[in-house]
Amino acid sequence: MEKVFFQDWQTIGKVALTTITAFVTLFLFVRISGKRTLSKLNAFDFVVSIALGSTLSDMMLAVVPAAEGAAVLFLIILLQYTFAWLARSSSKMEKLINTVPKIVFYDNRFLEKTMAREAITKEEIYAAIRSSGTDQINDVKAVIMELNGSMTVVKKSSGSGVSSIDDLEIKD
């Protein structure tokens, strides 16, 4: 019968050592590469975070050797920066790599076609409005689905000037 709960002390020691090695390796790579590595600015960044976590897990459990795991971590981070650089340096590449924010609610009107394309329900929009601390839907100018999939609620009186919703295309 297979040992389910405990194999031996040598295996535990190996897992402990590989966990420390993997954690320190990822920590160093993240410190060197900067904040972008773990950001969730867009959907691709989210996928990178999952890939880093999956690789870290494989390294910790010694599924892959530490050097191979470190190479994978390095390549994932390098690819993320390459894609970010391409998006920054070319508007065509940015459109290919990144999505664009979509308005899903505007001036007391649900934009049904946009909601369908983004697979968003009215209840999810209501939840975003409640999460923003707004208790009256009439106080909402727009709800925008951002690049990373989160929703931003713009109140009618906000006028923050951070990003103009007029720059976004309102289609339905």
# chains A, B, ... in the order shown; residues from 1 in each chain; ligands from 1

$ select_by_dssp --residues "stretch 24-145 of chain A" --states "strand (DSSP E)" --output "list of chain:residue names"
A:Lys102, A:Ile103, A:Val104, A:Phe105, A:Tyr106, A:Arg109, A:Phe110, A:Val140, A:Lys141, A:Ala142, A:Val143, A:Ile144, A:Met145

$ residues_around --residues "A:Thr55" --least-positions-apart "5" --cutoff "8 Å" --atoms "only C-alpha atoms" --output "ChimeraX atom specification"
/A:69,72-73

$ closest_residue --among "A:Asp58, A:Asp107, A:Asp45, A:Glu94" --to "A:Ile77" --atoms "only C-alpha atoms"
A:Asp45

$ select_by_dssp --residues "chain A" --states "helix (DSSP H, G or I)" --output "JSON, numbers by chain"
{"A": [9, 10, 11, 12, 13, 14, 15, 16, 17, 18, 19, 20, 21, 22, 23, 24, 25, 26, 27, 28, 29, 30, 31, 32, 33, 35, 36, 37, 38, 43, 44, 45, 46, 47, 48, 49, 50, 51, 52, 53, 54, 55, 56, 57, 58, 59, 60, 66, 67, 68, 69, 70, 71, 72, 73, 74, 75, 76, 77, 78, 79, 80, 81, 82, 83, 84, 85, 86, 87, 88, 89, 91, 92, 93, 94, 95, 96, 97, 112, 113, 114, 115, 116, 117, 118, 122, 123, 124, 125, 126, 127, 128, 129, 130, 131, 137, 138, 139, 165, 166, 167]}

$ closest_atom_pairs --of "stretch 34-102 of chain A" --to "stretch 134-148 of chain A" --cutoff "6 Å" --atoms "only C-alpha atoms" --output "JSON lines"
{"residue": "A:Leu41", "atom": "CA", "partner": "A:Asn148", "partner_atom": "CA", "distance": 5.4}
{"residue": "A:Asn42", "atom": "CA", "partner": "A:Asn148", "partner_atom": "CA", "distance": 3.8}
{"residue": "A:Ala43", "atom": "CA", "partner": "A:Asn148", "partner_atom": "CA", "distance": 5.0}
{"residue": "A:Thr99", "atom": "CA", "partner": "A:Leu147", "partner_atom": "CA", "distance": 5.8}
{"residue": "A:Val100", "atom": "CA", "partner": "A:Leu147", "partner_atom": "CA", "distance": 5.9}
{"residue": "A:Pro101", "atom": "CA", "partner": "A:Glu146", "partner_atom": "CA", "distance": 4.6}
{"residue": "A:Lys102", "atom": "CA", "partner": "A:Met145", "partner_atom": "CA", "distance": 5.1}

$ write_last_selection --atoms "all heavy atoms" --output "mmCIF file, in the first residue's frame"
data_model
loop_
_atom_site.group_PDB
_atom_site.id
_atom_site.type_symbol
_atom_site.label_atom_id
_atom_site.label_comp_id
_atom_site.auth_asym_id
_atom_site.auth_seq_id
_atom_site.Cartn_x
_atom_site.Cartn_y
_atom_site.Cartn_z
ATOM 1 N N LEU A 41 -2.498 43.959 -14.315
ATOM 2 C CA LEU A 41 -2.951 45.085 -15.113
ATOM 3 C C LEU A 41 -3.834 44.645 -16.270
ATOM 4 O O LEU A 41 -4.682 45.400 -16.725
ATOM 5 C CB LEU A 41 -1.748 45.878 -15.651
ATOM 6 C CG LEU A 41 -0.844 46.496 -14.589
ATOM 7 C CD1 LEU A 41 0.370 47.142 -15.244
ATOM 8 C CD2 LEU A 41 -1.609 47.511 -13.758
ATOM 9 N N ASN A 42 -3.617 43.442 -16.756
ATOM 10 C CA ASN A 42 -4.454 42.917 -17.832
ATOM 11 C C ASN A 42 -4.564 41.403 -17.660
ATOM 12 O O ASN A 42 -3.974 40.817 -16.756
ATOM 13 C CB ASN A 42 -3.905 43.307 -19.213
ATOM 14 C CG ASN A 42 -2.491 42.820 -19.446
ATOM 15 O OD1 ASN A 42 -2.140 41.707 -19.077
ATOM 16 N ND2 ASN A 42 -1.678 43.653 -20.053
ATOM 17 N N ALA A 43 -5.309 40.770 -18.556
ATOM 18 C CA ALA A 43 -5.537 39.330 -18.443
ATOM 19 C C ALA A 43 -4.238 38.540 -18.560
ATOM 20 O O ALA A 43 -4.047 37.528 -17.875
ATOM 21 C CB ALA A 43 -6.534 38.880 -19.508
ATOM 22 N N THR A 99 -6.582 43.973 -24.302
ATOM 23 C CA THR A 99 -7.950 44.295 -24.665
ATOM 24 C C THR A 99 -8.149 45.788 -24.406
ATOM 25 O O THR A 99 -7.232 46.471 -23.960
ATOM 26 C CB THR A 99 -8.944 43.495 -23.798
ATOM 27 O OG1 THR A 99 -8.733 43.839 -22.424
ATOM 28 C CG2 THR A 99 -8.766 42.004 -23.988
ATOM 29 N N VAL A 100 -9.328 46.286 -24.668
ATOM 30 C CA VAL A 100 -9.630 47.682 -24.366
ATOM 31 C C VAL A 100 -10.755 47.706 -23.339
ATOM 32 O O VAL A 100 -11.584 46.793 -23.300
ATOM 33 C CB VAL A 100 -10.035 48.484 -25.634
ATOM 34 C CG1 VAL A 100 -8.875 48.586 -26.597
ATOM 35 C CG2 VAL A 100 -11.233 47.873 -26.312
ATOM 36 N N PRO A 101 -10.775 48.730 -22.515
ATOM 37 C CA PRO A 101 -11.874 48.837 -21.550
ATOM 38 C C PRO A 101 -13.211 48.946 -22.291
ATOM 39 O O PRO A 101 -13.277 49.531 -23.371
ATOM 40 C CB PRO A 101 -11.574 50.130 -20.801
ATOM 41 C CG PRO A 101 -10.141 50.423 -21.067
ATOM 42 C CD PRO A 101 -9.826 49.830 -22.387
ATOM 43 N N LYS A 102 -14.238 48.370 -21.716
ATOM 44 C CA LYS A 102 -15.569 48.394 -22.337
ATOM 45 C C LYS A 102 -16.579 48.948 -21.343
ATOM 46 O O LYS A 102 -16.616 48.540 -20.182
ATOM 47 C CB LYS A 102 -16.008 46.983 -22.743
ATOM 48 C CG LYS A 102 -15.107 46.303 -23.738
ATOM 49 C CD LYS A 102 -15.319 46.848 -25.108
ATOM 50 C CE LYS A 102 -14.475 46.058 -26.087
ATOM 51 N NZ LYS A 102 -14.660 46.418 -27.433
#
